[in-house]
$ cat query_30.pdb   # PDB, N, CA and C atoms, pLDDT in the B column
ATOM      1  N   MET A   1     -27.203  19.377  42.149  1.00 53.00           N
ATOM      2  CA  MET A   1     -26.064  18.493  41.985  1.00 53.00           C
ATOM      3  C   MET A   1     -26.270  17.514  40.823  1.00 53.00           C
ATOM      4  N   ALA A   2     -27.481  17.209  40.488  1.00 62.00           N
ATOM      5  CA  ALA A   2     -27.736  16.251  39.425  1.00 62.00           C
ATOM      6  C   ALA A   2     -27.153  16.749  38.101  1.00 62.00           C
ATOM      7  N   ARG A   3     -27.210  18.045  37.872  1.00 80.00           N
ATOM      8  CA  ARG A   3     -26.678  18.606  36.627  1.00 80.00           C
ATOM      9  C   ARG A   3     -25.154  18.448  36.568  1.00 80.00           C
ATOM     10  N   GLY A   4     -24.464  18.558  37.684  1.00 83.00           N
ATOM     11  CA  GLY A   4     -23.014  18.389  37.726  1.00 83.00           C
ATOM     12  C   GLY A   4     -22.610  16.980  37.330  1.00 83.00           C
ATOM     13  N   GLN A   5     -23.337  15.986  37.824  1.00 88.00           N
ATOM     14  CA  GLN A   5     -23.060  14.586  37.470  1.00 88.00           C
ATOM     15  C   GLN A   5     -23.308  14.348  35.987  1.00 88.00           C
ATOM     16  N   GLN A   6     -24.368  14.918  35.473  1.00 90.00           N
ATOM     17  CA  GLN A   6     -24.704  14.763  34.054  1.00 90.00           C
ATOM     18  C   GLN A   6     -23.607  15.395  33.179  1.00 90.00           C
ATOM     19  N   LYS A   7     -23.078  16.527  33.633  1.00 90.00           N
ATOM     20  CA  LYS A   7     -22.017  17.204  32.896  1.00 90.00           C
ATOM     21  C   LYS A   7     -20.761  16.325  32.829  1.00 90.00           C
ATOM     22  N   ILE A   8     -20.394  15.705  33.939  1.00 91.00           N
ATOM     23  CA  ILE A   8     -19.210  14.839  33.989  1.00 91.00           C
ATOM     24  C   ILE A   8     -19.391  13.637  33.059  1.00 91.00           C
ATOM     25  N   GLN A   9     -20.579  13.031  33.101  1.00 92.00           N
ATOM     26  CA  GLN A   9     -20.839  11.879  32.243  1.00 92.00           C
ATOM     27  C   GLN A   9     -20.792  12.280  30.763  1.00 92.00           C
ATOM     28  N   SER A  10     -21.323  13.442  30.459  1.00 93.00           N
ATOM     29  CA  SER A  10     -21.325  13.927  29.090  1.00 93.00           C
ATOM     30  C   SER A  10     -19.888  14.166  28.596  1.00 93.00           C
ATOM     31  N   GLN A  11     -19.053  14.728  29.457  1.00 93.00           N
ATOM     32  CA  GLN A  11     -17.655  14.969  29.101  1.00 93.00           C
ATOM     33  C   GLN A  11     -16.911  13.651  28.877  1.00 93.00           C
ATOM     34  N   GLN A  12     -17.150  12.675  29.742  1.00 93.00           N
ATOM     35  CA  GLN A  12     -16.502  11.380  29.591  1.00 93.00           C
ATOM     36  C   GLN A  12     -16.915  10.707  28.281  1.00 93.00           C
ATOM     37  N   LYS A  13     -18.193  10.792  27.974  1.00 95.00           N
ATOM     38  CA  LYS A  13     -18.703  10.196  26.746  1.00 95.00           C
ATOM     39  C   LYS A  13     -18.095  10.888  25.521  1.00 95.00           C
ATOM     40  N   ALA A  14     -17.974  12.192  25.562  1.00 94.00           N
ATOM     41  CA  ALA A  14     -17.384  12.950  24.456  1.00 94.00           C
ATOM     42  C   ALA A  14     -15.907  12.610  24.298  1.00 94.00           C
ATOM     43  N   ASN A  15     -15.198  12.443  25.413  1.00 93.00           N
ATOM     44  CA  ASN A  15     -13.777  12.083  25.356  1.00 93.00           C
ATOM     45  C   ASN A  15     -13.584  10.698  24.750  1.00 93.00           C
ATOM     46  N   GLU A  16     -14.448   9.754  25.118  1.00 93.00           N
ATOM     47  CA  GLU A  16     -14.364   8.402  24.562  1.00 93.00           C
ATOM     48  C   GLU A  16     -14.640   8.417  23.054  1.00 93.00           C
ATOM     49  N   LYS A  17     -15.624   9.204  22.649  1.00 91.00           N
ATOM     50  CA  LYS A  17     -15.972   9.303  21.241  1.00 91.00           C
ATOM     51  C   LYS A  17     -14.818   9.924  20.449  1.00 91.00           C
ATOM     52  N   ALA A  18     -14.186  10.945  21.001  1.00 89.00           N
ATOM     53  CA  ALA A  18     -13.058  11.604  20.336  1.00 89.00           C
ATOM     54  C   ALA A  18     -11.865  10.649  20.230  1.00 89.00           C
ATOM     55  N   ALA A  19     -11.616   9.880  21.275  1.00 86.00           N
ATOM     56  CA  ALA A  19     -10.510   8.925  21.252  1.00 86.00           C
ATOM     57  C   ALA A  19     -10.747   7.837  20.202  1.00 86.00           C
ATOM     58  N   LYS A  20     -11.977   7.380  20.102  1.00 85.00           N
ATOM     59  CA  LYS A  20     -12.326   6.361  19.117  1.00 85.00           C
ATOM     60  C   LYS A  20     -12.159   6.907  17.697  1.00 85.00           C
ATOM     61  N   ALA A  21     -12.593   8.146  17.471  1.00 82.00           N
ATOM     62  CA  ALA A  21     -12.458   8.764  16.154  1.00 82.00           C
ATOM     63  C   ALA A  21     -10.985   8.953  15.800  1.00 82.00           C
ATOM     64  N   LYS A  22     -10.175   9.332  16.769  1.00 78.00           N
ATOM     65  CA  LYS A  22      -8.745   9.529  16.526  1.00 78.00           C
ATOM     66  C   LYS A  22      -8.060   8.206  16.190  1.00 78.00           C
ATOM     67  N   LYS A  23      -8.475   7.141  16.840  1.00 75.00           N
ATOM     68  CA  LYS A  23      -7.896   5.822  16.597  1.00 75.00           C
ATOM     69  C   LYS A  23      -8.221   5.352  15.183  1.00 75.00           C
ATOM     70  N   GLN A  24      -9.430   5.594  14.729  1.00 72.00           N
ATOM     71  CA  GLN A  24      -9.842   5.154  13.404  1.00 72.00           C
ATOM     72  C   GLN A  24      -9.291   6.041  12.301  1.00 72.00           C
ATOM     73  N   GLN A  25      -8.856   7.217  12.634  1.00 70.00           N
ATOM     74  CA  GLN A  25      -8.401   8.172  11.641  1.00 70.00           C
ATOM     75  C   GLN A  25      -7.206   7.643  10.854  1.00 70.00           C
ATOM     76  N   GLY A  26      -6.312   6.915  11.472  1.00 63.00           N
ATOM     77  CA  GLY A  26      -5.125   6.396  10.805  1.00 63.00           C
ATOM     78  C   GLY A  26      -5.414   5.275   9.828  1.00 63.00           C
ATOM     79  N   HIS A  27      -6.620   4.737   9.820  1.00 68.00           N
ATOM     80  CA  HIS A  27      -6.959   3.603   8.971  1.00 68.00           C
ATOM     81  C   HIS A  27      -7.894   3.993   7.834  1.00 68.00           C
ATOM     82  N   SER A  28      -7.858   5.239   7.427  1.00 71.00           N
ATOM     83  CA  SER A  28      -8.759   5.681   6.365  1.00 71.00           C
ATOM     84  C   SER A  28      -8.273   5.162   5.015  1.00 71.00           C
ATOM     85  N   ALA A  29      -9.143   5.157   4.058  1.00 75.00           N
ATOM     86  CA  ALA A  29      -8.813   4.651   2.729  1.00 75.00           C
ATOM     87  C   ALA A  29      -7.738   5.500   2.068  1.00 75.00           C
ATOM     88  N   SER A  30      -7.781   6.801   2.274  1.00 77.00           N
ATOM     89  CA  SER A  30      -6.775   7.664   1.647  1.00 77.00           C
ATOM     90  C   SER A  30      -5.387   7.397   2.227  1.00 77.00           C
ATOM     91  N   GLU A  31      -5.305   7.116   3.511  1.00 77.00           N
ATOM     92  CA  GLU A  31      -4.012   6.789   4.125  1.00 77.00           C
ATOM     93  C   GLU A  31      -3.469   5.480   3.561  1.00 77.00           C
ATOM     94  N   GLN A  32      -4.342   4.511   3.373  1.00 78.00           N
ATOM     95  CA  GLN A  32      -3.924   3.228   2.820  1.00 78.00           C
ATOM     96  C   GLN A  32      -3.453   3.387   1.380  1.00 78.00           C
ATOM     97  N   LYS A  33      -4.146   4.222   0.599  1.00 82.00           N
ATOM     98  CA  LYS A  33      -3.746   4.451  -0.782  1.00 82.00           C
ATOM     99  C   LYS A  33      -2.388   5.135  -0.850  1.00 82.00           C
ATOM    100  N   LYS A  34      -2.147   6.079   0.035  1.00 83.00           N
ATOM    101  CA  LYS A  34      -0.858   6.772   0.058  1.00 83.00           C
ATOM    102  C   LYS A  34       0.266   5.797   0.376  1.00 83.00           C
ATOM    103  N   ALA A  35       0.041   4.903   1.336  1.00 80.00           N
ATOM    104  CA  ALA A  35       1.052   3.918   1.704  1.00 80.00           C
ATOM    105  C   ALA A  35       1.307   2.944   0.550  1.00 80.00           C
ATOM    106  N   ALA A  36       0.261   2.536  -0.131  1.00 79.00           N
ATOM    107  CA  ALA A  36       0.409   1.610  -1.252  1.00 79.00           C
ATOM    108  C   ALA A  36       1.155   2.268  -2.413  1.00 79.00           C
ATOM    109  N   MET A  37       0.862   3.518  -2.679  1.00 80.00           N
ATOM    110  CA  MET A  37       1.529   4.226  -3.764  1.00 80.00           C
ATOM    111  C   MET A  37       3.010   4.442  -3.454  1.00 80.00           C
ATOM    112  N   ALA A  38       3.335   4.628  -2.192  1.00 82.00           N
ATOM    113  CA  ALA A  38       4.735   4.808  -1.807  1.00 82.00           C
ATOM    114  C   ALA A  38       5.533   3.523  -2.037  1.00 82.00           C
ATOM    115  N   ALA A  39       4.876   2.378  -1.950  1.00 81.00           N
ATOM    116  CA  ALA A  39       5.554   1.096  -2.129  1.00 81.00           C
ATOM    117  C   ALA A  39       5.800   0.772  -3.601  1.00 81.00           C
ATOM    118  N   LEU A  40       5.068   1.393  -4.510  1.00 83.00           N
ATOM    119  CA  LEU A  40       5.210   1.117  -5.942  1.00 83.00           C
ATOM    120  C   LEU A  40       6.290   2.030  -6.518  1.00 83.00           C
ATOM    121  N   VAL A  41       7.528   1.534  -6.511  1.00 86.00           N
ATOM    122  CA  VAL A  41       8.648   2.388  -6.882  1.00 86.00           C
ATOM    123  C   VAL A  41       9.193   2.122  -8.290  1.00 86.00           C
ATOM    124  N   HIS A  42       8.910   0.967  -8.876  1.00 87.00           N
ATOM    125  CA  HIS A  42       9.418   0.645 -10.210  1.00 87.00           C
ATOM    126  C   HIS A  42       8.315   0.876 -11.236  1.00 87.00           C
ATOM    127  N   VAL A  43       8.637   1.591 -12.302  1.00 88.00           N
ATOM    128  CA  VAL A  43       7.659   1.918 -13.335  1.00 88.00           C
ATOM    129  C   VAL A  43       8.100   1.281 -14.651  1.00 88.00           C
ATOM    130  N   CYS A  44       7.188   0.559 -15.277  1.00 89.00           N
ATOM    131  CA  CYS A  44       7.468  -0.098 -16.555  1.00 89.00           C
ATOM    132  C   CYS A  44       7.741   0.967 -17.618  1.00 89.00           C
ATOM    133  N   ALA A  45       8.806   0.766 -18.381  1.00 86.00           N
ATOM    134  CA  ALA A  45       9.195   1.734 -19.397  1.00 86.00           C
ATOM    135  C   ALA A  45       8.225   1.748 -20.578  1.00 86.00           C
ATOM    136  N   VAL A  46       7.498   0.658 -20.793  1.00 90.00           N
ATOM    137  CA  VAL A  46       6.606   0.556 -21.945  1.00 90.00           C
ATOM    138  C   VAL A  46       5.182   1.029 -21.610  1.00 90.00           C
ATOM    139  N   CYS A  47       4.581   0.434 -20.576  1.00 91.00           N
ATOM    140  CA  CYS A  47       3.168   0.716 -20.283  1.00 91.00           C
ATOM    141  C   CYS A  47       2.953   1.587 -19.056  1.00 91.00           C
ATOM    142  N   LYS A  48       4.016   1.960 -18.372  1.00 90.00           N
ATOM    143  CA  LYS A  48       3.968   2.833 -17.196  1.00 90.00           C
ATOM    144  C   LYS A  48       3.250   2.215 -15.999  1.00 90.00           C
ATOM    145  N   SER A  49       3.116   0.888 -15.974  1.00 89.00           N
ATOM    146  CA  SER A  49       2.566   0.211 -14.796  1.00 89.00           C
ATOM    147  C   SER A  49       3.576   0.312 -13.662  1.00 89.00           C
ATOM    148  N   GLN A  50       3.077   0.334 -12.433  1.00 89.00           N
ATOM    149  CA  GLN A  50       3.961   0.454 -11.283  1.00 89.00           C
ATOM    150  C   GLN A  50       4.046  -0.873 -10.547  1.00 89.00           C
ATOM    151  N   MET A  51       5.270  -1.231 -10.128  1.00 89.00           N
ATOM    152  CA  MET A  51       5.511  -2.470  -9.415  1.00 89.00           C
ATOM    153  C   MET A  51       6.318  -2.209  -8.149  1.00 89.00           C
ATOM    154  N   PRO A  52       6.156  -3.071  -7.134  1.00 88.00           N
ATOM    155  CA  PRO A  52       6.829  -2.833  -5.853  1.00 88.00           C
ATOM    156  C   PRO A  52       8.299  -3.212  -5.817  1.00 88.00           C
ATOM    157  N   ASP A  53       8.723  -4.174  -6.642  1.00 87.00           N
ATOM    158  CA  ASP A  53      10.119  -4.605  -6.565  1.00 87.00           C
ATOM    159  C   ASP A  53      10.624  -5.025  -7.946  1.00 87.00           C
ATOM    160  N   PRO A  54      11.956  -5.122  -8.106  1.00 87.00           N
ATOM    161  CA  PRO A  54      12.513  -5.446  -9.422  1.00 87.00           C
ATOM    162  C   PRO A  54      12.133  -6.839  -9.923  1.00 87.00           C
ATOM    163  N   LYS A  55      11.965  -7.792  -9.016  1.00 89.00           N
ATOM    164  CA  LYS A  55      11.594  -9.154  -9.439  1.00 89.00           C
ATOM    165  C   LYS A  55      10.219  -9.146 -10.114  1.00 89.00           C
ATOM    166  N   THR A  56       9.281  -8.472  -9.516  1.00 89.00           N
ATOM    167  CA  THR A  56       7.937  -8.361 -10.089  1.00 89.00           C
ATOM    168  C   THR A  56       7.987  -7.606 -11.410  1.00 89.00           C
ATOM    169  N   TYR A  57       8.803  -6.564 -11.452  1.00 88.00           N
ATOM    170  CA  TYR A  57       8.962  -5.767 -12.671  1.00 88.00           C
ATOM    171  C   TYR A  57       9.484  -6.641 -13.811  1.00 88.00           C
ATOM    172  N   LYS A  58      10.481  -7.466 -13.522  1.00 89.00           N
ATOM    173  CA  LYS A  58      11.053  -8.332 -14.557  1.00 89.00           C
ATOM    174  C   LYS A  58      10.027  -9.358 -15.038  1.00 89.00           C
ATOM    175  N   GLN A  59       9.294  -9.953 -14.109  1.00 90.00           N
ATOM    176  CA  GLN A  59       8.258 -10.916 -14.497  1.00 90.00           C
ATOM    177  C   GLN A  59       7.206 -10.237 -15.373  1.00 90.00           C
ATOM    178  N   HIS A  60       6.804  -9.039 -14.976  1.00 89.00           N
ATOM    179  CA  HIS A  60       5.821  -8.286 -15.751  1.00 89.00           C
ATOM    180  C   HIS A  60       6.349  -8.037 -17.167  1.00 89.00           C
ATOM    181  N   PHE A  61       7.595  -7.579 -17.241  1.00 88.00           N
ATOM    182  CA  PHE A  61       8.161  -7.222 -18.546  1.00 88.00           C
ATOM    183  C   PHE A  61       8.275  -8.443 -19.450  1.00 88.00           C
ATOM    184  N   GLU A  62       8.723  -9.577 -18.888  1.00 89.00           N
ATOM    185  CA  GLU A  62       8.859 -10.793 -19.687  1.00 89.00           C
ATOM    186  C   GLU A  62       7.510 -11.314 -20.166  1.00 89.00           C
ATOM    187  N   ASN A  63       6.460 -11.149 -19.362  1.00 92.00           N
ATOM    188  CA  ASN A  63       5.142 -11.667 -19.731  1.00 92.00           C
ATOM    189  C   ASN A  63       4.342 -10.717 -20.610  1.00 92.00           C
ATOM    190  N   LYS A  64       4.398  -9.438 -20.331  1.00 92.00           N
ATOM    191  CA  LYS A  64       3.565  -8.474 -21.048  1.00 92.00           C
ATOM    192  C   LYS A  64       4.241  -7.879 -22.281  1.00 92.00           C
ATOM    193  N   HIS A  65       5.557  -7.826 -22.288  1.00 88.00           N
ATOM    194  CA  HIS A  65       6.266  -7.194 -23.391  1.00 88.00           C
ATOM    195  C   HIS A  65       7.398  -8.110 -23.902  1.00 88.00           C
ATOM    196  N   PRO A  66       7.067  -9.329 -24.347  1.00 90.00           N
ATOM    197  CA  PRO A  66       8.119 -10.288 -24.728  1.00 90.00           C
ATOM    198  C   PRO A  66       8.920  -9.861 -25.960  1.00 90.00           C
ATOM    199  N   LYS A  67       8.345  -9.044 -26.851  1.00 91.00           N
ATOM    200  CA  LYS A  67       9.040  -8.643 -28.065  1.00 91.00           C
ATOM    201  C   LYS A  67      10.007  -7.485 -27.820  1.00 91.00           C
ATOM    202  N   ASN A  68       9.815  -6.753 -26.757  1.00 90.00           N
ATOM    203  CA  ASN A  68      10.678  -5.606 -26.455  1.00 90.00           C
ATOM    204  C   ASN A  68      11.951  -6.085 -25.755  1.00 90.00           C
ATOM    205  N   PRO A  69      13.062  -5.411 -26.002  1.00 89.00           N
ATOM    206  CA  PRO A  69      14.302  -5.782 -25.290  1.00 89.00           C
ATOM    207  C   PRO A  69      14.188  -5.425 -23.807  1.00 89.00           C
ATOM    208  N   LEU A  70      14.815  -6.246 -22.982  1.00 86.00           N
ATOM    209  CA  LEU A  70      14.784  -6.048 -21.531  1.00 86.00           C
ATOM    210  C   LEU A  70      15.557  -4.780 -21.164  1.00 86.00           C
ATOM    211  N   PRO A  71      14.985  -3.910 -20.329  1.00 84.00           N
ATOM    212  CA  PRO A  71      15.699  -2.693 -19.923  1.00 84.00           C
ATOM    213  C   PRO A  71      17.011  -3.030 -19.204  1.00 84.00           C
ATOM    214  N   ALA A  72      17.939  -2.115 -19.239  1.00 82.00           N
ATOM    215  CA  ALA A  72      19.266  -2.341 -18.661  1.00 82.00           C
ATOM    216  C   ALA A  72      19.198  -2.609 -17.161  1.00 82.00           C
ATOM    217  N   ASP A  73      18.286  -1.970 -16.471  1.00 81.00           N
ATOM    218  CA  ASP A  73      18.209  -2.166 -15.021  1.00 81.00           C
ATOM    219  C   ASP A  73      17.667  -3.541 -14.639  1.00 81.00           C
ATOM    220  N   LEU A  74      17.085  -4.270 -15.596  1.00 81.00           N
ATOM    221  CA  LEU A  74      16.563  -5.610 -15.303  1.00 81.00           C
ATOM    222  C   LEU A  74      17.484  -6.728 -15.799  1.00 81.00           C
ATOM    223  N   GLN A  75      18.439  -6.414 -16.626  1.00 78.00           N
ATOM    224  CA  GLN A  75      19.278  -7.450 -17.211  1.00 78.00           C
ATOM    225  C   GLN A  75      20.199  -8.113 -16.202  1.00 78.00           C
ATOM    226  N   ASP A  76      20.582  -7.416 -15.147  1.00 75.00           N
ATOM    227  CA  ASP A  76      21.494  -8.004 -14.165  1.00 75.00           C
ATOM    228  C   ASP A  76      20.784  -8.885 -13.142  1.00 75.00           C
ATOM    229  N   LEU A  77      19.448  -8.909 -13.154  1.00 71.00           N
ATOM    230  CA  LEU A  77      18.704  -9.754 -12.214  1.00 71.00           C
ATOM    231  C   LEU A  77      18.790 -11.216 -12.633  1.00 71.00           C
ATOM    232  N   GLN A  78      18.805 -12.099 -11.652  1.00 63.00           N
ATOM    233  CA  GLN A  78      18.820 -13.529 -11.924  1.00 63.00           C
ATOM    234  C   GLN A  78      17.478 -13.942 -12.521  1.00 63.00           C
ATOM    235  N   PRO A  79      17.476 -14.906 -13.421  1.00 59.00           N
ATOM    236  CA  PRO A  79      16.196 -15.370 -13.965  1.00 59.00           C
ATOM    237  C   PRO A  79      15.337 -15.979 -12.859  1.00 59.00           C
ATOM    238  N   GLY A  80      14.046 -15.786 -12.969  1.00 53.00           N
ATOM    239  CA  GLY A  80      13.136 -16.262 -11.941  1.00 53.00           C
ATOM    240  C   GLY A  80      13.072 -17.770 -11.886  1.00 53.00           C
ATOM    241  N   VAL A  81      13.322 -18.334 -10.720  1.00 51.00           N
ATOM    242  CA  VAL A  81      13.231 -19.782 -10.518  1.00 51.00           C
ATOM    243  C   VAL A  81      12.077 -20.019  -9.552  1.00 51.00           C
ATOM    244  N   PHE A  82      11.123 -20.808  -9.987  1.00 47.00           N
ATOM    245  CA  PHE A  82       9.940 -21.042  -9.171  1.00 47.00           C
ATOM    246  C   PHE A  82       9.903 -22.504  -8.741  1.00 47.00           C
ATOM    247  N   HIS A  83       9.610 -22.713  -7.483  1.00 44.00           N
ATOM    248  CA  HIS A  83       9.483 -24.067  -6.956  1.00 44.00           C
ATOM    249  C   HIS A  83       8.050 -24.266  -6.515  1.00 44.00           C
ATOM    250  N   PHE A  84       7.387 -25.229  -7.156  1.00 47.00           N
ATOM    251  CA  PHE A  84       6.024 -25.543  -6.765  1.00 47.00           C
ATOM    252  C   PHE A  84       6.023 -26.879  -6.059  1.00 47.00           C
ATOM    253  N   SER A  85       5.339 -26.950  -4.947  1.00 47.00           N
ATOM    254  CA  SER A  85       5.298 -28.222  -4.231  1.00 47.00           C
ATOM    255  C   SER A  85       3.908 -28.809  -4.224  1.00 47.00           C
TER     256      SER A  85
END
$ encode --input "query_30.pdb" --output "structure tokens"
Amino acid sequence: MARGQQKIQSQQKANEKAAKAKKQQGHSASEQKKAAMAALVHVCAVCKSQMPDPKTYKQHFENKHPKNPLPADLQDLQPGVFHFS
């Protein structure tokens, strides 16, 4: 009977280990990179940098490419107003 108890304990331990591995699987570096890349939807027309939103894109363009004309998709955005307290 001792072997039967050992078998049950071994199965329980293996199940716990598998559950822990499955839980950690969703937090891998490759999954995080895929999620981050999906969020970067705006691409700079000049340097091909990727930005998450149009406001960031406009700030980037105004700071990094001041001599270039603003792209048409950024011209309708309101100018950035910053409040520092």
$ atom_distance --input "query_30.pdb" --atom1 "atom CA of A:Lys13" --atom2 "atom CA of A:Ser28"
23.1 Å
$ residues_around --input "query_30.pdb" --residues "stretch 71-73 of chain A" --least-positions-apart "5" --cutoff "12 Å" --atoms "only C-alpha atoms" --output "list in words"
His42, Val43, Cys44, Ala45, Val46, Asp53, Pro54, Lys55, Tyr57, Lys58, Phe61, Glu62, His65, Pro66 and Gln78 of chain A
$ atom_distance --input "query_30.pdb" --atom1 "atom CA of A:Lys34" --atom2 "atom CA of A:Ala19"
23.4 Å
$ select_by_dssp --input "query_30.pdb" --residues "chain A" --states "strand (DSSP E)" --output "ChimeraX atom specification"
/A:42-43,50-51
$ atom_distance --input "query_30.pdb" --atom1 "atom CA of A:Arg3" --atom2 "atom CA of A:Ala18"
22.4 Å
$ residues_around --input "query_30.pdb" --residues "stretch 36-40 of chain A" --least-positions-apart "3" --cutoff "6.5 Å" --atoms "all atoms listed in the file" --output "compact mmCIF listing (two decimals) with N, CA and C atoms, in the coordinates of the input"
# COMPACT_ATOMS: atom_id res chain seq x y z
N GLU A 31 -5.30 7.12 3.51
CA GLU A 31 -4.01 6.79 4.12
C GLU A 31 -3.47 5.48 3.56
N GLN A 32 -4.34 4.51 3.37
CA GLN A 32 -3.92 3.23 2.82
C GLN A 32 -3.45 3.39 1.38
N LYS A 33 -4.15 4.22 0.60
CA LYS A 33 -3.75 4.45 -0.78
C LYS A 33 -2.39 5.14 -0.85
N VAL A 43 8.64 1.59 -12.30
CA VAL A 43 7.66 1.92 -13.34
C VAL A 43 8.10 1.28 -14.65
N GLN A 50 3.08 0.33 -12.43
CA GLN A 50 3.96 0.45 -11.28
C GLN A 50 4.05 -0.87 -10.55
N MET A 51 5.27 -1.23 -10.13
CA MET A 51 5.51 -2.47 -9.41
C MET A 51 6.32 -2.21 -8.15
N PRO A 52 6.16 -3.07 -7.13
CA PRO A 52 6.83 -2.83 -5.85
C PRO A 52 8.30 -3.21 -5.82
N ASP A 53 8.72 -4.17 -6.64
CA ASP A 53 10.12 -4.61 -6.56
C ASP A 53 10.62 -5.03 -7.95
$ axis_aligned_box --input "query_30.pdb" --around "stretch 43-59 of chain A" --padding-each-side "8 Å" --output "JSON"
{"center_x": 7.5, "center_y": -4.0, "center_z": -13.9, "size_x": 25.9, "size_y": 29.7, "size_z": 32.1}
$ decode --input "query_30.pdb" --residues "stretch 67-79 of chain A" --atoms "N, CA, C and O atoms" --output "compact mmCIF listing (two decimals), in the first residue's frame"
# COMPACT_ATOMS: atom_id res chain seq x y z
N LYS A 67 12.09 70.52 -39.51
CA LYS A 67 12.21 71.13 -40.82
C LYS A 67 11.25 70.51 -41.84
O LYS A 67 10.94 71.13 -42.84
N ASN A 68 10.77 69.33 -41.57
CA ASN A 68 9.86 68.64 -42.49
C ASN A 68 8.43 69.14 -42.27
O ASN A 68 8.05 69.44 -41.15
N PRO A 69 7.65 69.19 -43.34
CA PRO A 69 6.23 69.59 -43.17
C PRO A 69 5.47 68.49 -42.42
O PRO A 69 5.74 67.31 -42.58
N LEU A 70 4.50 68.92 -41.63
CA LEU A 70 3.69 68.00 -40.84
C LEU A 70 2.81 67.15 -41.76
O LEU A 70 2.19 67.69 -42.68
N PRO A 71 2.78 65.83 -41.57
CA PRO A 71 1.93 64.98 -42.42
C PRO A 71 0.45 65.37 -42.29
O PRO A 71 0.02 65.92 -41.28
N ALA A 72 -0.31 65.07 -43.31
CA ALA A 72 -1.72 65.46 -43.35
C ALA A 72 -2.52 64.84 -42.21
O ALA A 72 -3.44 65.48 -41.68
N ASP A 73 -2.19 63.64 -41.81
CA ASP A 73 -2.95 62.99 -40.74
C ASP A 73 -2.69 63.62 -39.37
O ASP A 73 -3.44 63.39 -38.43
N LEU A 74 -1.65 64.44 -39.25
CA LEU A 74 -1.35 65.09 -37.97
C LEU A 74 -1.79 66.56 -37.93
O LEU A 74 -1.84 67.15 -36.86
N GLN A 75 -2.11 67.13 -39.05
CA GLN A 75 -2.43 68.55 -39.09
C GLN A 75 -3.75 68.88 -38.41
O GLN A 75 -3.93 69.98 -37.90
N ASP A 76 -4.69 67.95 -38.37
CA ASP A 76 -5.98 68.24 -37.75
C ASP A 76 -5.96 68.08 -36.23
O ASP A 76 -6.92 68.44 -35.56
N LEU A 77 -4.86 67.58 -35.66
CA LEU A 77 -4.77 67.43 -34.21
C LEU A 77 -4.56 68.79 -33.54
O LEU A 77 -3.89 69.66 -34.09
N GLN A 78 -5.12 68.94 -32.36
CA GLN A 78 -4.94 70.17 -31.59
C GLN A 78 -3.48 70.27 -31.13
O GLN A 78 -2.87 69.27 -30.81
N PRO A 79 -2.94 71.47 -31.07
CA PRO A 79 -1.57 71.60 -30.56
C PRO A 79 -1.49 71.14 -29.11
O PRO A 79 -2.43 71.31 -28.34
